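Colleague: Quick one: structure below, then a few questions.
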Amino acid sequence: MSEFDHSVRGVDVDPDTRCAHYHTDRDVVAFKFACCETYWPCFRCHEEIADHDAVPWPRARFDEPTVLCGVCRTELTVPAYREADYRCPSCNVAFNPGCAAHADLYFETD
């Protein structure tokens, strides 16, 4: 798989990973869930399409890529995503800071 072959499942996903639920200019990030090892634009897409309950990315695997920039397709680890201050460290596109409100749905917490 090349660095640009990351598929993203969801509802009406555009080429930059925006979906039917979140589609502002900053909604260009996708999250990998541990339950299916698949990238999704948001937890609502997972709820709507997946045939199983969502499982957040486990803390023990925070050193593995689990966040995808929808613009340049760079994969980030959880710490790299959190340290990036809502911007892709590769292409500098802005990410939606509102995703922080749902972080516990994407990443395991203490």
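In the structure tokens, each chain is lettered A, B, ... as it comes, each chain's residues begin at 1, and ligands are numbered from 1 in order of appearance.
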If we count only C-alpha atoms, what is near segment 94-105 of chain A at a cut-off of 9 Å, once residues fewer than 2 positions away on the same chain are taken out, given as a ChimeraX atom specification?
Modeller: /A:24-29,42-43,54-57,69,85-88,92,107-109
Colleague: For the selection you just gave me, I'd like the residues written to a file as a PDB file, in the first residue's frame, keeping C-alpha atoms.
Modeller:
ATOM      1  CA  THR A  24     -16.422  22.482   6.935  1.00  0.00           C
ATOM      2  CA  ASP A  25     -13.120  23.491   5.370  1.00  0.00           C
ATOM      3  CA  ARG A  26     -11.382  22.217   8.538  1.00  0.00           C
ATOM      4  CA  ASP A  27     -13.023  18.774   8.639  1.00  0.00           C
ATOM      5  CA  VAL A  28     -10.144  17.116   6.818  1.00  0.00           C
ATOM      6  CA  VAL A  29      -9.036  14.433   9.242  1.00  0.00           C
ATOM      7  CA  CYS A  42     -16.184  10.743  12.319  1.00  0.00           C
ATOM      8  CA  PHE A  43     -17.790   8.613  15.000  1.00  0.00           C
ATOM      9  CA  ALA A  54     -16.750   1.551  18.000  1.00  0.00           C
ATOM     10  CA  VAL A  55     -13.632   0.883  20.047  1.00  0.00           C
ATOM     11  CA  PRO A  56     -11.295   3.858  20.558  1.00  0.00           C
ATOM     12  CA  TRP A  57      -7.620   3.528  19.704  1.00  0.00           C
ATOM     13  CA  CYS A  69      -4.788  14.108   7.124  1.00  0.00           C
ATOM     14  CA  ASP A  85      -2.091  22.312  17.400  1.00  0.00           C
ATOM     15  CA  TYR A  86      -4.876  21.472  14.912  1.00  0.00           C
ATOM     16  CA  ARG A  87      -2.657  21.732  11.826  1.00  0.00           C
ATOM     17  CA  CYS A  88      -1.140  19.016   9.697  1.00  0.00           C
ATOM     18  CA  ASN A  92      -0.078  22.838   7.280  1.00  0.00           C
ATOM     19  CA  PHE A 107      -8.642   7.671  21.644  1.00  0.00           C
ATOM     20  CA  GLU A 108      -8.605   5.680  24.866  1.00  0.00           C
ATOM     21  CA  THR A 109      -8.395   7.893  27.924  1.00  0.00           C
TER      22      THR A 109
END
Colleague: Run DSSP on the backbone of this structure and report the residues of segment 6-42 of chain A it assigns to strand (DSSP E), as a ChimeraX atom specification.
Modeller: /A:29-33,38-40
Colleague: Restricting it to N, CA and C atoms, dump the selection as an mmCIF file, in the first residue's frame.
Modeller:
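Listed below is the output, part.cif:
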data_model
loop_
_atom_site.group_PDB
_atom_site.id
_atom_site.type_symbol
_atom_site.label_atom_id
_atom_site.label_comp_id
_atom_site.auth_asym_id
_atom_site.auth_seq_id
_atom_site.Cartn_x
_atom_site.Cartn_y
_atom_site.Cartn_z
ATOM 1 N N VAL A 29 -9.796 15.417 8.480
ATOM 2 C CA VAL A 29 -9.036 14.433 9.242
ATOM 3 C C VAL A 29 -9.917 13.203 9.419
ATOM 4 N N ALA A 30 -9.292 12.045 9.429
ATOM 5 C CA ALA A 30 -10.009 10.794 9.664
ATOM 6 C C ALA A 30 -9.306 10.051 10.802
ATOM 7 N N PHE A 31 -10.081 9.250 11.517
ATOM 8 C CA PHE A 31 -9.570 8.534 12.680
ATOM 9 C C PHE A 31 -9.734 7.035 12.488
ATOM 10 N N LYS A 32 -8.719 6.284 12.882
ATOM 11 C CA LYS A 32 -8.766 4.827 12.801
ATOM 12 C C LYS A 32 -9.301 4.285 14.122
ATOM 13 N N PHE A 33 -10.287 3.421 14.030
ATOM 14 C CA PHE A 33 -10.838 2.778 15.223
ATOM 15 C C PHE A 33 -10.183 1.412 15.415
ATOM 16 N N THR A 38 -9.880 0.608 10.662
ATOM 17 C CA THR A 38 -10.342 1.336 9.488
ATOM 18 C C THR A 38 -10.445 2.822 9.809
ATOM 19 N N TYR A 39 -10.100 3.643 8.823
ATOM 20 C CA TYR A 39 -10.254 5.094 8.979
ATOM 21 C C TYR A 39 -11.686 5.504 8.699
ATOM 22 N N TRP A 40 -12.194 6.404 9.551
ATOM 23 C CA TRP A 40 -13.538 6.975 9.428
ATOM 24 C C TRP A 40 -13.433 8.485 9.608
#
Colleague: Quick check, in Å to one decimal: how far apart do atom CA of Gly10 of chain A and atom CA of Ala60 of chain A lie?
Modeller: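 Value for the atom CA of Gly10 of chain A-atom CA of Ala60 of chain A distance: 26.0 Å.
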Colleague: Could you pull out the helix (DSSP H, G or I) residues of chain A from DSSP and send them as an MDAnalysis selection string?
Modeller: chainID A and resid 43:49 59:61 78:83 97:106
Colleague: Which residue is closest to Ser7 of chain A? Choose from A:Ala50, A:Val78, A:Leu68, A:Cys35 and count only C-alpha atoms.
Modeller: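 Checking each candidate against Ser7 of chain A, we get A:Leu68 as the closest.
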Colleague: Within 9 Å of His21 of chain A, counting only C-alpha atoms, which residues show up once you throw out same-chain ones fewer than 3 positions away? Write them as a ChimeraX atom specification, please.
Modeller: /A:11-12,18,41-42,44-45
Colleague: Can those selected residues be exported to a file as a PDB file, in the first residue's frame so that it contains all heavy atoms?
Modeller:
ATOM      1  N   VAL A  11     -20.081   8.202   5.335  1.00  0.00           N
ATOM      2  CA  VAL A  11     -21.269   8.630   4.603  1.00  0.00           C
ATOM      3  C   VAL A  11     -20.907   9.851   3.758  1.00  0.00           C
ATOM      4  O   VAL A  11     -20.515  10.890   4.291  1.00  0.00           O
ATOM      5  CB  VAL A  11     -22.416   8.978   5.577  1.00  0.00           C
ATOM      6  CG1 VAL A  11     -23.647   9.416   4.809  1.00  0.00           C
ATOM      7  CG2 VAL A  11     -22.732   7.794   6.486  1.00  0.00           C
ATOM      8  N   ASP A  12     -21.021   9.701   2.452  1.00  0.00           N
ATOM      9  CA  ASP A  12     -20.729  10.801   1.516  1.00  0.00           C
ATOM     10  C   ASP A  12     -19.353  11.415   1.765  1.00  0.00           C
ATOM     11  O   ASP A  12     -19.212  12.631   1.883  1.00  0.00           O
ATOM     12  CB  ASP A  12     -21.808  11.887   1.589  1.00  0.00           C
ATOM     13  CG  ASP A  12     -23.171  11.385   1.178  1.00  0.00           C
ATOM     14  OD1 ASP A  12     -23.240  10.464   0.338  1.00  0.00           O
ATOM     15  OD2 ASP A  12     -24.171  11.904   1.696  1.00  0.00           O
ATOM     16  N   ARG A  18     -13.986  14.821   4.254  1.00  0.00           N
ATOM     17  CA  ARG A  18     -15.191  15.405   4.847  1.00  0.00           C
ATOM     18  C   ARG A  18     -16.329  14.412   4.633  1.00  0.00           C
ATOM     19  O   ARG A  18     -16.315  13.640   3.687  1.00  0.00           O
ATOM     20  CB  ARG A  18     -15.527  16.739   4.183  1.00  0.00           C
ATOM     21  CG  ARG A  18     -14.528  17.824   4.450  1.00  0.00           C
ATOM     22  CD  ARG A  18     -14.894  19.097   3.684  1.00  0.00           C
ATOM     23  NE  ARG A  18     -13.787  20.016   3.680  1.00  0.00           N
ATOM     24  CZ  ARG A  18     -12.838  20.061   2.736  1.00  0.00           C
ATOM     25  NH1 ARG A  18     -12.887  19.250   1.702  1.00  0.00           N
ATOM     26  NH2 ARG A  18     -11.864  20.920   2.828  1.00  0.00           N
ATOM     27  N   PRO A  41     -14.224   9.294   8.899  1.00  0.00           N
ATOM     28  CA  PRO A  41     -14.190  10.738   9.079  1.00  0.00           C
ATOM     29  C   PRO A  41     -14.710  11.171  10.450  1.00  0.00           C
ATOM     30  O   PRO A  41     -14.284  12.205  10.965  1.00  0.00           O
ATOM     31  CB  PRO A  41     -15.107  11.290   7.992  1.00  0.00           C
ATOM     32  CG  PRO A  41     -15.392  10.176   7.077  1.00  0.00           C
ATOM     33  CD  PRO A  41     -15.114   8.907   7.821  1.00  0.00           C
ATOM     34  N   CYS A  42     -15.628  10.373  11.019  1.00  0.00           N
ATOM     35  CA  CYS A  42     -16.184  10.743  12.319  1.00  0.00           C
ATOM     36  C   CYS A  42     -16.861   9.541  12.968  1.00  0.00           C
ATOM     37  O   CYS A  42     -17.136   8.531  12.320  1.00  0.00           O
ATOM     38  CB  CYS A  42     -17.180  11.898  12.173  1.00  0.00           C
ATOM     39  SG  CYS A  42     -18.770  11.451  11.438  1.00  0.00           S
ATOM     40  N   ARG A  44     -19.867   9.403  13.989  1.00  0.00           N
ATOM     41  CA  ARG A  44     -21.240   9.234  13.492  1.00  0.00           C
ATOM     42  C   ARG A  44     -21.272   8.340  12.252  1.00  0.00           C
ATOM     43  O   ARG A  44     -22.191   7.539  12.081  1.00  0.00           O
ATOM     44  CB  ARG A  44     -21.868  10.592  13.210  1.00  0.00           C
ATOM     45  CG  ARG A  44     -22.166  11.361  14.470  1.00  0.00           C
ATOM     46  CD  ARG A  44     -22.960  12.639  14.188  1.00  0.00           C
ATOM     47  NE  ARG A  44     -23.400  13.213  15.433  1.00  0.00           N
ATOM     48  CZ  ARG A  44     -22.952  14.356  15.914  1.00  0.00           C
ATOM     49  NH1 ARG A  44     -22.054  15.056  15.247  1.00  0.00           N
ATOM     50  NH2 ARG A  44     -23.398  14.819  17.067  1.00  0.00           N
ATOM     51  N   CYS A  45     -20.275   8.501  11.381  1.00  0.00           N
ATOM     52  CA  CYS A  45     -20.190   7.622  10.210  1.00  0.00           C
ATOM     53  C   CYS A  45     -20.027   6.171  10.665  1.00  0.00           C
ATOM     54  O   CYS A  45     -20.658   5.264  10.125  1.00  0.00           O
ATOM     55  CB  CYS A  45     -19.010   8.017   9.319  1.00  0.00           C
ATOM     56  SG  CYS A  45     -19.296   9.438   8.258  1.00  0.00           S
TER      57      CYS A  45
END
Colleague: What lies within 8 Å of Pro65 of chain A using only C-alpha atoms, ignoring chain neighbours under 5 positions off, as a list in words?
Modeller: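 That gives Glu75, Leu76, Thr77 and Val78 of chain A.
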Colleague: Within 9 Å of Cys91 of chain A, counting only C-alpha atoms, which residues show up once you throw out same-chain ones fewer than 6 positions away? Write them as a list in words, please.
Modeller: Cys69, Val71, Cys72 and Thr74 of chain A
Colleague: Considering only C-alpha atoms, can you say which of A:Ala34, A:His6, A:Thr17, A:Arg82 comes closest to Gly70 of chain A?
Modeller: A:Thr17
